[in-house]
>>> print(open('work.cif').read())   # mmCIF, C-alpha atoms
data_work
#
loop_
_atom_site.label_atom_id
_atom_site.label_comp_id
_atom_site.auth_asym_id
_atom_site.auth_seq_id
_atom_site.Cartn_x
_atom_site.Cartn_y
_atom_site.Cartn_z
CA GLY A 9 63.82 -30.35 -37.67
CA SER A 10 66.45 -27.71 -38.51
CA LYS A 11 69.24 -30.32 -38.51
CA VAL A 12 67.31 -32.51 -40.92
CA LYS A 13 66.83 -29.50 -43.18
CA THR A 14 70.56 -28.71 -43.08
CA LEU A 15 71.45 -32.29 -43.91
CA HIS A 16 68.96 -32.24 -46.74
CA ASP A 17 70.44 -29.02 -48.12
CA ARG A 18 73.99 -30.38 -47.96
CA ILE A 19 73.03 -33.55 -49.82
CA ALA A 20 71.28 -31.49 -52.48
CA GLN A 21 74.42 -29.37 -52.85
CA LEU A 22 76.56 -32.51 -53.08
CA VAL A 23 74.37 -33.83 -55.90
CA GLU A 24 74.64 -30.52 -57.71
CA ASP A 25 78.44 -30.46 -57.31
CA SER A 26 78.66 -34.01 -58.59
CA VAL A 27 76.68 -33.10 -61.70
CA GLU A 28 78.96 -30.16 -62.40
CA LYS A 29 82.06 -32.29 -61.93
CA LYS A 30 80.57 -34.89 -64.28
CA LYS A 31 80.46 -32.27 -66.99
CA SER A 32 84.19 -31.52 -66.69
CA GLN A 33 85.44 -35.04 -65.97
CA SER A 34 84.42 -38.36 -67.22
CA VAL A 35 83.43 -39.84 -63.83
CA ASP A 36 80.54 -42.27 -63.19
CA VAL A 37 78.43 -40.87 -60.31
CA SER A 38 75.21 -42.79 -61.01
CA SER A 39 75.79 -45.13 -58.12
CA ALA A 40 76.35 -42.23 -55.74
CA ALA A 41 73.25 -40.50 -57.02
CA ARG A 42 71.17 -43.59 -56.45
CA HIS A 43 72.37 -43.86 -52.88
CA LEU A 44 71.70 -40.19 -52.37
CA GLY A 45 68.13 -40.72 -53.60
CA GLU A 46 67.62 -43.44 -51.06
CA VAL A 47 68.94 -41.16 -48.36
CA MET A 48 66.52 -38.44 -49.46
CA GLU A 49 63.60 -40.91 -49.26
CA HIS A 50 64.61 -41.95 -45.77
CA LEU A 51 64.83 -38.29 -44.78
CA SER A 52 61.32 -37.67 -46.15
CA GLN A 53 59.99 -40.62 -44.15
CA LEU A 54 61.74 -39.26 -41.10
CA LYS A 55 60.06 -35.89 -41.56
CA ARG A 56 56.62 -37.53 -41.84
CA GLY A 57 57.30 -39.63 -38.80
CA LEU A 58 58.38 -36.60 -36.81
CA SER A 59 55.25 -34.71 -37.93
CA ASP A 60 53.02 -37.63 -36.88
CA GLN A 61 54.77 -37.79 -33.53
CA ALA A 62 54.21 -34.06 -33.08
CA VAL A 63 50.46 -34.48 -33.73
CA THR A 64 50.33 -37.44 -31.36
CA LEU A 65 52.13 -35.48 -28.64
CA GLU A 66 49.76 -32.55 -29.09
CA ALA A 67 46.76 -34.91 -28.91
CA ALA A 68 48.16 -36.45 -25.73
CA ALA A 69 48.58 -32.98 -24.21
CA MET A 70 44.99 -32.06 -25.16
CA ARG A 71 43.71 -35.31 -23.68
CA GLN A 72 45.57 -34.58 -20.47
CA ASP A 73 43.94 -31.14 -20.29
CA TRP A 74 40.51 -32.65 -20.93
CA GLU A 75 41.03 -35.43 -18.40
CA LYS A 76 42.01 -32.85 -15.81
CA SER A 77 38.98 -30.60 -16.46
CA LEU A 78 36.69 -33.66 -16.62
CA GLN A 79 37.88 -34.88 -13.23
CA LEU A 80 37.40 -31.42 -11.77
CA GLY A 81 33.84 -31.40 -13.14
CA ILE A 82 33.10 -34.86 -11.73
CA THR A 83 34.48 -33.83 -8.34
CA ARG A 84 32.41 -30.64 -8.35
CA LEU A 85 29.25 -32.56 -9.19
CA GLU A 86 29.94 -35.05 -6.41
CA GLU A 87 30.38 -32.20 -3.92
CA MET A 88 27.14 -30.54 -5.02
CA ASN A 89 25.27 -33.85 -4.89
CA GLU A 90 26.50 -34.41 -1.35
CA GLN A 91 25.28 -30.93 -0.36
CA LEU A 92 21.94 -31.71 -1.98
CA ARG A 93 21.75 -35.02 -0.10
CA GLN A 94 22.34 -33.22 3.21
CA PHE A 95 19.74 -30.59 2.29
CA THR A 96 17.19 -33.29 1.44
CA ALA A 97 17.80 -35.18 4.68
CA LYS A 98 17.36 -31.98 6.70
CA LYS A 99 14.23 -31.04 4.77
CA ASN A 100 12.64 -34.49 5.20
CA GLN A 101 13.34 -34.47 8.92
CA TRP A 102 11.77 -31.05 9.44
CA ILE A 103 8.65 -31.55 7.32
CA SER A 104 7.85 -34.73 9.25
CA GLN A 105 7.55 -32.68 12.45
CA ASP A 106 4.17 -31.46 13.65
CA GLU A 107 5.24 -27.83 13.60
CA LEU A 108 7.37 -26.06 11.01
CA THR A 109 8.90 -22.73 11.97
CA GLU A 110 9.98 -19.73 9.94
CA ASP A 111 13.56 -20.44 11.02
CA HIS A 112 13.36 -23.89 9.42
CA VAL A 113 12.13 -22.46 6.14
CA GLN A 114 14.73 -19.69 6.18
CA VAL A 115 17.58 -22.18 6.66
CA LEU A 116 16.26 -24.39 3.86
CA GLN A 117 15.89 -21.39 1.55
CA GLN A 118 19.47 -20.25 2.20
CA ASP A 119 20.89 -23.75 1.63
CA LEU A 120 18.93 -24.23 -1.58
CA SER A 121 19.86 -20.78 -2.88
CA ARG A 122 23.54 -21.64 -2.47
CA LEU A 123 23.01 -24.89 -4.36
CA VAL A 124 21.16 -23.11 -7.16
CA ASN A 125 24.00 -20.59 -7.49
CA GLN A 126 26.56 -23.40 -7.67
CA LYS A 127 24.44 -25.26 -10.23
CA ASN A 128 24.16 -22.15 -12.41
CA LYS A 129 27.91 -21.56 -12.26
CA PHE A 130 28.59 -25.19 -13.17
CA GLN A 131 26.19 -25.12 -16.13
CA LYS A 132 27.27 -21.72 -17.47
CA SER A 133 31.03 -21.94 -16.91
CA ILE A 134 32.48 -25.28 -15.82
CA LEU A 135 30.49 -27.65 -18.06
CA PRO A 136 30.97 -25.56 -21.24
CA GLY A 137 34.72 -25.38 -20.47
CA ILE A 138 34.91 -29.17 -20.24
CA GLN A 139 33.00 -29.47 -23.51
CA LEU A 140 35.36 -27.06 -25.28
CA SER A 141 38.36 -29.00 -23.99
CA TYR A 142 36.79 -32.25 -25.20
CA ASP A 143 36.00 -30.82 -28.63
CA ALA A 144 39.57 -29.56 -29.04
CA PHE A 145 40.93 -32.96 -28.05
CA VAL A 146 38.79 -35.10 -30.36
CA GLU A 147 39.69 -32.91 -33.35
CA TYR A 148 43.08 -34.67 -33.38
CA PHE A 149 41.74 -38.16 -34.10
CA PRO A 150 41.29 -37.52 -37.86
CA LYS A 151 44.80 -35.97 -37.96
CA LEU A 152 46.62 -39.01 -36.59
CA SER A 153 48.91 -41.10 -38.83
CA ARG A 154 46.12 -43.60 -38.76
CA PRO A 155 42.94 -41.45 -38.70
CA MET A 156 40.13 -42.78 -36.55
CA ALA A 157 36.77 -41.86 -35.11
CA THR A 158 36.44 -40.72 -31.51
CA PRO A 159 36.59 -43.84 -29.29
CA ASP A 160 33.25 -44.84 -27.74
CA HIS A 161 34.61 -44.97 -24.20
CA LEU A 162 35.65 -41.30 -24.41
CA GLU A 163 32.24 -40.25 -25.71
CA ALA A 164 30.64 -42.35 -22.96
CA ARG A 165 32.56 -40.47 -20.26
CA MET A 166 31.35 -37.10 -21.57
CA GLU A 167 27.80 -38.38 -21.89
CA SER A 168 27.95 -39.71 -18.34
CA LEU A 169 29.03 -36.31 -17.06
CA SER A 170 26.20 -34.62 -18.97
CA ARG A 171 23.61 -37.09 -17.65
CA THR A 172 24.84 -36.59 -14.09
CA ALA A 173 24.60 -32.81 -14.53
CA VAL A 174 21.04 -33.13 -15.91
CA ARG A 175 19.96 -35.36 -13.02
CA PHE A 176 21.43 -32.91 -10.54
CA GLN A 177 19.53 -30.05 -12.16
CA GLU A 178 16.30 -32.06 -12.07
CA ASN A 179 16.85 -32.88 -8.39
CA VAL A 180 17.49 -29.23 -7.54
CA GLU A 181 14.33 -28.23 -9.38
CA ALA A 182 12.37 -30.91 -7.49
CA ARG A 183 13.71 -29.65 -4.16
CA SER A 184 12.80 -26.10 -5.20
CA ARG A 185 9.24 -27.24 -5.88
CA GLU A 186 9.13 -28.98 -2.51
CA LEU A 187 10.35 -25.85 -0.75
CA GLU A 188 7.59 -23.87 -2.46
CA LEU A 189 5.06 -26.43 -1.19
CA ILE A 190 6.57 -26.09 2.30
CA LYS A 191 6.11 -22.32 2.13
CA GLN A 192 2.51 -22.80 1.05
CA ARG A 193 2.01 -25.19 3.97
CA MET A 194 3.41 -22.54 6.33
CA ARG A 195 1.09 -19.86 4.94
CA TRP A 196 -1.87 -22.24 5.20
CA GLU A 197 -1.04 -23.10 8.82
CA ASP A 198 -0.76 -19.41 9.64
CA THR A 199 -4.23 -18.83 8.19
CA VAL A 200 -5.51 -21.79 10.22
CA ARG A 201 -4.19 -20.24 13.43
CA GLN A 202 -5.93 -16.97 12.60
CA ALA A 203 -9.14 -18.80 11.69
CA LEU A 204 -9.22 -20.77 14.95
CA LEU A 205 -8.64 -17.57 16.91
CA TYR A 206 -11.39 -15.76 15.01
CA LEU A 207 -13.89 -18.60 15.50
CA SER A 208 -13.02 -18.78 19.19
CA GLU A 209 -13.61 -15.04 19.53
CA GLN A 210 -16.89 -15.32 17.65
CA GLU A 211 -18.00 -18.12 19.93
CA ALA A 212 -17.19 -16.00 22.97
CA ALA A 213 -18.99 -13.00 21.47
CA ILE A 214 -22.11 -15.09 20.81
CA GLU A 215 -22.02 -16.43 24.35
CA THR A 216 -21.74 -12.90 25.74
CA PHE A 217 -24.61 -11.77 23.51
CA VAL A 218 -26.77 -14.62 24.79
CA GLU A 219 -25.99 -14.17 28.47
CA GLU A 220 -26.02 -10.39 28.64
CA LYS A 221 -28.65 -9.42 26.07
CA ALA A 222 -30.65 -12.20 24.47
CA ARG A 223 -31.57 -14.49 27.35
CA TRP A 224 -34.76 -13.51 29.18
CA GLN A 225 -34.43 -12.85 32.90
CA SER A 226 -37.38 -12.62 35.24
CA ASP A 227 -35.95 -9.47 36.83
CA THR A 228 -34.93 -7.89 33.53
CA GLN A 229 -35.59 -4.20 33.54
CA SER A 230 -35.53 -3.31 29.89
CA ALA A 231 -34.65 0.19 28.91
CA ILE A 232 -36.23 -0.45 25.53
CA HIS A 233 -39.48 1.43 25.02
CA SER A 234 -41.56 -1.33 23.44
CA ASP A 235 -41.47 -5.01 22.67
CA ASP A 236 -41.24 -4.27 18.95
CA ASP A 237 -38.14 -2.15 19.60
CA GLU A 238 -36.67 -4.86 21.80
CA GLU A 239 -37.10 -7.51 19.14
CA THR A 240 -35.69 -5.21 16.44
CA VAL A 241 -32.58 -4.44 18.47
CA LEU A 242 -31.92 -8.11 19.28
CA ARG A 243 -32.63 -9.29 15.75
CA THR A 244 -30.38 -6.61 14.28
CA GLU A 245 -27.48 -7.46 16.57
CA TRP A 246 -27.86 -11.18 15.88
CA SER A 247 -28.04 -10.49 12.15
CA ASN A 248 -24.78 -8.52 12.34
CA ILE A 249 -23.07 -11.46 14.06
CA TYR A 250 -24.51 -13.84 11.47
CA SER A 251 -23.44 -11.67 8.52
CA SER A 252 -19.93 -11.23 9.90
CA LEU A 253 -19.50 -14.97 10.38
CA LYS A 254 -20.90 -15.90 6.95
CA ASP A 255 -18.71 -13.28 5.28
CA TYR A 256 -15.65 -14.73 7.01
CA GLU A 257 -16.63 -18.25 5.98
CA GLU A 258 -16.98 -17.20 2.35
CA LYS A 259 -13.78 -15.14 2.16
CA THR A 260 -11.51 -17.21 4.41
CA LEU A 261 -12.81 -20.62 5.43
CA VAL A 262 -14.00 -21.79 2.00
CA PRO A 263 -10.69 -20.80 0.28
CA LEU A 264 -8.87 -22.39 3.23
CA GLN A 265 -10.64 -25.69 2.59
CA LYS A 266 -9.94 -25.52 -1.16
CA ARG A 267 -6.27 -24.70 -0.58
CA PHE A 268 -6.04 -27.63 1.82
CA GLU A 269 -7.42 -30.00 -0.80
CA SER A 270 -5.05 -28.56 -3.40
CA LEU A 271 -2.05 -28.96 -1.10
CA VAL A 272 -2.97 -32.57 -0.40
CA ASP A 273 -3.27 -33.31 -4.13
CA GLU A 274 -0.03 -31.53 -5.05
CA SER A 275 1.86 -33.22 -2.21
CA ASN A 276 0.56 -36.67 -3.14
CA ASN A 277 1.45 -36.16 -6.79
CA HIS A 278 4.93 -34.84 -6.02
CA PHE A 279 5.86 -37.52 -3.48
CA ASN A 280 4.11 -40.33 -5.34
CA ASN A 281 5.67 -43.77 -4.77
CA THR A 282 7.86 -42.49 -1.94
CA ASN A 283 7.67 -42.84 1.82
CA ILE A 284 7.97 -39.07 2.25
CA THR A 285 5.01 -36.86 3.07
CA LEU A 286 4.82 -33.09 3.27
CA LEU A 287 1.62 -33.25 5.33
CA PRO A 288 1.92 -35.26 8.56
CA THR A 289 -1.06 -36.41 10.60
CA ALA A 290 -0.97 -33.32 12.81
CA PHE A 291 -1.29 -31.13 9.70
CA MET A 292 -4.30 -33.07 8.44
CA LYS A 293 -5.93 -32.77 11.87
CA LYS A 294 -5.73 -28.97 11.69
CA MET A 295 -8.33 -28.92 8.94
CA GLN A 296 -10.54 -31.10 11.13
CA ASP A 297 -10.00 -28.62 14.00
CA VAL A 298 -11.13 -25.75 11.79
CA GLN A 299 -14.21 -27.67 10.65
CA ALA A 300 -15.07 -28.59 14.25
CA ALA A 301 -14.65 -24.96 15.37
CA GLN A 302 -16.80 -23.79 12.47
CA GLU A 303 -19.54 -26.32 13.30
CA ARG A 304 -19.39 -25.35 16.97
CA THR A 305 -19.69 -21.65 16.14
CA SER A 306 -22.59 -22.37 13.76
CA TYR A 307 -24.28 -24.34 16.54
CA TYR A 308 -23.90 -21.43 18.99
CA LEU A 309 -25.17 -19.07 16.32
CA ASP A 310 -28.29 -21.18 15.84
CA PHE A 311 -28.64 -21.54 19.60
CA SER A 312 -28.44 -17.77 20.06
CA ASN A 313 -31.13 -17.27 17.41
CA GLN A 314 -33.43 -19.61 19.35
CA VAL A 315 -32.68 -17.69 22.54
CA VAL A 316 -33.58 -14.42 20.81
CA THR A 317 -36.80 -16.02 19.58
CA GLN A 318 -37.49 -17.28 23.10
CA ARG A 319 -36.86 -13.83 24.57
CA CYS A 320 -39.18 -12.16 22.06
CA LEU A 321 -41.96 -14.73 22.48
CA VAL A 322 -41.72 -14.62 26.28
CA SER A 323 -41.97 -10.83 26.15
CA ALA A 324 -44.95 -11.14 23.81
CA PHE A 325 -46.50 -13.73 26.16
CA ILE A 326 -46.05 -11.44 29.16
CA LEU A 327 -47.49 -8.50 27.22
CA ARG A 328 -50.52 -10.49 26.04
CA THR A 329 -51.21 -11.94 29.49
CA ALA A 330 -50.90 -8.46 30.96
CA GLN A 331 -53.43 -7.18 28.42
CA LEU A 332 -55.77 -10.08 29.19
CA GLU A 333 -55.44 -9.38 32.91
CA GLN A 334 -56.40 -5.75 32.28
CA SER A 335 -59.40 -6.87 30.24
CA ALA A 336 -60.41 -9.33 32.95
CA GLU A 337 -60.10 -6.60 35.60
CA LEU A 338 -62.31 -4.23 33.60
CA ILE A 339 -64.95 -6.92 33.12
CA ARG A 340 -64.83 -7.79 36.84
CA GLU A 341 -65.20 -4.17 37.85
CA GLU A 342 -68.18 -3.73 35.52
CA PHE A 343 -69.86 -6.79 37.02
CA ILE A 344 -69.31 -5.51 40.53
CA ALA A 345 -70.61 -2.07 39.63
CA THR A 346 -73.67 -3.51 37.91
CA LYS A 347 -74.43 -5.80 40.80
CA VAL A 348 -74.26 -2.99 43.30
CA ALA A 349 -76.43 -0.76 41.14
CA GLY A 350 -79.17 -3.08 39.96
CA GLY A 351 -78.90 -6.63 41.05
CA ASN A 352 -79.28 -9.83 39.10
CA ALA A 353 -81.45 -8.43 36.35
CA HIS A 354 -78.84 -5.93 35.40
CA ILE A 355 -76.15 -8.64 35.49
CA ALA A 356 -78.17 -10.75 33.05
CA GLY A 357 -78.44 -7.76 30.76
CA LEU A 358 -74.72 -7.09 31.07
CA LEU A 359 -73.94 -10.68 30.13
CA GLU A 360 -76.26 -10.48 27.17
CA ASN A 361 -74.82 -7.18 25.97
CA HIS A 362 -71.14 -8.29 26.40
CA THR A 363 -71.36 -11.79 24.92
CA GLU A 364 -69.15 -10.86 21.96
CA ARG A 365 -66.66 -9.17 24.27
CA LEU A 366 -66.45 -12.22 26.50
CA GLU A 367 -66.01 -14.49 23.51
CA LYS A 368 -63.07 -12.39 22.31
CA PHE A 369 -61.60 -12.48 25.81
CA LYS A 370 -61.92 -16.26 25.90
CA ALA A 371 -60.43 -16.55 22.39
CA GLY A 372 -57.50 -14.41 23.50
CA ILE A 373 -56.84 -16.73 26.41
CA ASP A 374 -57.06 -19.78 24.14
CA ASP A 375 -54.66 -18.19 21.63
CA VAL A 376 -52.09 -17.38 24.30
CA ARG A 377 -52.35 -20.84 25.81
CA ASP A 378 -52.54 -22.91 22.64
CA HIS A 379 -50.34 -20.98 20.24
CA LEU A 380 -48.11 -18.37 21.81
CA ALA A 381 -47.12 -20.39 24.87
CA THR A 382 -46.48 -23.58 22.91
CA SER A 383 -44.35 -21.79 20.29
CA ILE A 384 -41.76 -20.63 22.81
CA PRO A 385 -38.53 -22.62 22.21
CA TYR A 386 -36.40 -23.94 25.06
CA PRO A 387 -32.84 -24.21 23.67
#
>>> encode(input="work.cif", output="structure tokens")
Amino acid sequence: GSKVKTLHDRIAQLVEDSVEKKKSQSVDVSSAARHLGEVMEHLSQLKRGLSDQAVTLEAAAMRQDWEKSLQLGITRLEEMNEQLRQFTAKKNQWISQDELTEDHVQVLQQDLSRLVNQKNKFQKSILPGIQLSYDAFVEYFPKLSRPMATPDHLEARMESLSRTAVRFQENVEARSRELELIKQRMRWEDTVRQALLYLSEQEAAIETFVEEKARWQSDTQSAIHSDDDEETVLRTEWSNIYSSLKDYEEKTLVPLQKRFESLVDESNNHFNNTNITLLPTAFMKKMQDVQAAQERTSYYLDFSNQVVTQRCLVSAFILRTAQLEQSAELIREEFIATKVAGGNAHIAGLLENHTERLEKFKAGIDDVRDHLATSIPYP
């Protein structure tokens, strides 16, 4: 560039000198001037050509920078996609097992957190850098000696990178949602274990209540002062067991059933049209186990209530028969005393005077036999 300028300056000086000489001498320099003009035009064309070449070289350098950053971005995306593929394979293998452990979830969480961090770095730093490099490169197309629009194949490569990045982000978000569902499954299974333990303990408590307190024994020596007190104590204790169980059902078992249904719906919607399931057969059976345990406990609760009723009615039966025996003994003693004192005439008078009393005695026997005895349940 500097040499061309020097040559240009020298030619200009030569023209000027020629003009001055023409003034002092009668010399024809028109031909030389014409040739010099042609030389100047060629020099101008040379300058434009060199400027165009400079722009082209700069554009080539910018394209090289963009190609390099683009390839680095593609490579980085491929690496992250491979990590995501390995994560997905591991996750699918573990969720298909009957039992998920906290260690499994912790490993998955750590792997996914690393992927999320890499994704964020790619989106906030690497991808914008590639875009800036691309923008700087395509600015040269209008500046070329033959200006042109950005070629479609170059735009297509950038669009392809962007689409791949978007798909990767969507896949990471989907895996994040799946991991959240896995955590919910773990929490649900933990509640199931607690529920089965509680129901088992309740069943045992009801059985103990029946065997040690509620069931009537022929040799039972009750420390309770009266039958009314005995029934009150048994009914109160049974009511406490009933209230505790119903409260647990309302606060734990009903929400557990609803959360199960929600998990099934969310899992089906998320994994729709795939052969992957978050909830294997063993998981589904756990809800059936809870329902069976709940039904069994409810059955024992109803059974224990019948036993309490049996105990109370048997006690009432024994009390009533004891009272009737006392009445019968009094009547017998009066008959014996009357017979000894006055004979048959007095007995006839006694029967006449105690007709109402005997009728009540007979009605009491009928009531015990026909109503009280027949109402005693045998669970």
>>> residues_around(input="work.cif", residues="Glu186 of chain A", least_positions_apart="5", cutoff="10 Å", atoms="all atoms listed in the file", output="ChimeraX atom specification")
/A:96,99,180-181,191-192,274-275,278-279,286
>>> resolve_selection(input="work.cif", expression="the PyMOL selection byres ((chain A and resi 255-271) around 9)", output="list in words")
Leu189, Gln192, Arg193, Trp196, Thr199, Val200, Ala203, Tyr250, Ser251, Ser252, Leu253, Lys254, Val272, Asp273, Glu274, Ser275, Asn276, Leu287, Met292, Met295, Val298, Gln299 and Gln302 of chain A
>>> write_last_selection(input="work.cif", atoms="C-alpha atoms", output="PDB file, keeping the file's coordinate frame")
ATOM      1  CA  LEU A 189       5.060 -26.430  -1.190  1.00  0.00           C
ATOM      2  CA  GLN A 192       2.510 -22.800   1.050  1.00  0.00           C
ATOM      3  CA  ARG A 193       2.010 -25.190   3.970  1.00  0.00           C
ATOM      4  CA  TRP A 196      -1.870 -22.240   5.200  1.00  0.00           C
ATOM      5  CA  THR A 199      -4.230 -18.830   8.190  1.00  0.00           C
ATOM      6  CA  VAL A 200      -5.510 -21.790  10.220  1.00  0.00           C
ATOM      7  CA  ALA A 203      -9.140 -18.800  11.690  1.00  0.00           C
ATOM      8  CA  TYR A 250     -24.510 -13.840  11.470  1.00  0.00           C
ATOM      9  CA  SER A 251     -23.440 -11.670   8.520  1.00  0.00           C
ATOM     10  CA  SER A 252     -19.930 -11.230   9.900  1.00  0.00           C
ATOM     11  CA  LEU A 253     -19.500 -14.970  10.380  1.00  0.00           C
ATOM     12  CA  LYS A 254     -20.900 -15.900   6.950  1.00  0.00           C
ATOM     13  CA  VAL A 272      -2.970 -32.570  -0.400  1.00  0.00           C
ATOM     14  CA  ASP A 273      -3.270 -33.310  -4.130  1.00  0.00           C
ATOM     15  CA  GLU A 274      -0.030 -31.530  -5.050  1.00  0.00           C
ATOM     16  CA  SER A 275       1.860 -33.220  -2.210  1.00  0.00           C
ATOM     17  CA  ASN A 276       0.560 -36.670  -3.140  1.00  0.00           C
ATOM     18  CA  LEU A 287       1.620 -33.250   5.330  1.00  0.00           C
ATOM     19  CA  MET A 292      -4.300 -33.070   8.440  1.00  0.00           C
ATOM     20  CA  MET A 295      -8.330 -28.920   8.940  1.00  0.00           C
ATOM     21  CA  VAL A 298     -11.130 -25.750  11.790  1.00  0.00           C
ATOM     22  CA  GLN A 299     -14.210 -27.670  10.650  1.00  0.00           C
ATOM     23  CA  GLN A 302     -16.800 -23.790  12.470  1.00  0.00           C
TER      24      GLN A 302
END
>>> residues_around(input="work.cif", residues="Met194 of chain A", least_positions_apart="3", cutoff="9 Å", atoms="all atoms listed in the file", output="PyMOL selection string")
chain A and resi 108-110+113+189-191+197-199
>>> residues_around(input="work.cif", residues="segment 126-136 of chain A", least_positions_apart="6", cutoff="10 Å", atoms="only C-alpha atoms", output="PyMOL selection string")
chain A and resi 77-78+80-82+84-85+88+120+142+169-170+173-174+176-177+180
>>> axis_aligned_box(input="work.cif", around="segment 77-88 of chain A", padding_each_side="8 Å", output="lines of an AutoDock Vina configuration file")
center_x = 33.1
center_y = -32.8
center_z = -10.3
size_x = 27.8
size_y = 20.5
size_z = 28.7
>>> atom_distance(input="work.cif", atom1="atom CA of Asp310 of chain A", atom2="atom CA of Asp237 of chain A")
21.8 Å
>>> closest_residue(input="work.cif", among="A:Gln210, A:Thr317, A:Asn179, A:Thr329", to="Ala301 of chain A", atoms="all atoms listed in the file")
A:Gln210
>>> atom_distance(input="work.cif", atom1="atom CA of Thr244 of chain A", atom2="atom CA of Gln202 of chain A")
26.6 Å
>>> atom_distance(input="work.cif", atom1="atom CA of Glu147 of chain A", atom2="atom CA of Arg71 of chain A")
10.7 Å
>>> residues_around(input="work.cif", residues="Ala222 of chain A", least_positions_apart="5", cutoff="9 Å", atoms="only C-alpha atoms", output="list in words")
Phe217, Leu242, Ser312, Asn313, Val315, Val316, Thr317, Gln318, Arg319 and Cys320 of chain A
>>> write_last_selection(input="work.cif", atoms="C-alpha atoms", output="compact mmCIF listing (two decimals), in the coordinates of the input")
# COMPACT_ATOMS: atom_id res chain seq x y z
CA PHE A 217 -24.61 -11.77 23.51
CA LEU A 242 -31.92 -8.11 19.28
CA SER A 312 -28.44 -17.77 20.06
CA ASN A 313 -31.13 -17.27 17.41
CA VAL A 315 -32.68 -17.69 22.54
CA VAL A 316 -33.58 -14.42 20.81
CA THR A 317 -36.80 -16.02 19.58
CA GLN A 318 -37.49 -17.28 23.10
CA ARG A 319 -36.86 -13.83 24.57
CA CYS A 320 -39.18 -12.16 22.06
>>> closest_residue(input="work.cif", among="A:Leu187, A:Leu92, A:Met166, A:Ala68", to="Gln114 of chain A", atoms="only C-alpha atoms")
A:Leu187
>>> decode(input="work.cif", residues="segment 67-71 of chain A", atoms="all heavy atoms", output="mmCIF file, in the first residue's frame")
data_model
loop_
_atom_site.group_PDB
_atom_site.id
_atom_site.type_symbol
_atom_site.label_atom_id
_atom_site.label_comp_id
_atom_site.auth_asym_id
_atom_site.auth_seq_id
_atom_site.Cartn_x
_atom_site.Cartn_y
_atom_site.Cartn_z
ATOM 1 N N ALA A 67 -12.909 -11.443 6.147
ATOM 2 C CA ALA A 67 -14.104 -12.291 6.221
ATOM 3 C C ALA A 67 -13.721 -13.760 6.393
ATOM 4 O O ALA A 67 -14.352 -14.504 7.166
ATOM 5 C CB ALA A 67 -14.946 -12.120 4.962
ATOM 6 N N ALA A 68 -12.680 -14.166 5.683
ATOM 7 C CA ALA A 68 -12.215 -15.560 5.807
ATOM 8 C C ALA A 68 -11.724 -15.838 7.213
ATOM 9 O O ALA A 68 -11.977 -16.919 7.778
ATOM 10 C CB ALA A 68 -11.111 -15.824 4.786
ATOM 11 N N ALA A 69 -11.008 -14.849 7.805
ATOM 12 C CA ALA A 69 -10.512 -15.022 9.171
ATOM 13 C C ALA A 69 -11.684 -15.104 10.156
ATOM 14 O O ALA A 69 -11.685 -15.938 11.084
ATOM 15 C CB ALA A 69 -9.579 -13.866 9.542
ATOM 16 N N MET A 70 -12.720 -14.264 9.956
ATOM 17 C CA MET A 70 -13.878 -14.281 10.835
ATOM 18 C C MET A 70 -14.646 -15.595 10.679
ATOM 19 O O MET A 70 -15.145 -16.155 11.666
ATOM 20 C CB MET A 70 -14.801 -13.103 10.505
ATOM 21 C CG MET A 70 -14.183 -11.726 10.769
ATOM 22 S SD MET A 70 -13.665 -11.510 12.499
ATOM 23 C CE MET A 70 -15.243 -11.517 13.313
ATOM 24 N N ARG A 71 -14.717 -16.113 9.461
ATOM 25 C CA ARG A 71 -15.395 -17.386 9.253
ATOM 26 C C ARG A 71 -14.637 -18.505 9.956
ATOM 27 O O ARG A 71 -15.256 -19.400 10.559
ATOM 28 C CB ARG A 71 -15.508 -17.694 7.763
ATOM 29 C CG ARG A 71 -16.074 -19.088 7.514
ATOM 30 C CD ARG A 71 -16.443 -19.330 6.082
ATOM 31 N NE ARG A 71 -17.046 -20.654 5.933
ATOM 32 C CZ ARG A 71 -17.659 -21.091 4.842
ATOM 33 N NH1 ARG A 71 -17.758 -20.293 3.779
ATOM 34 N NH2 ARG A 71 -18.181 -22.298 4.786
#
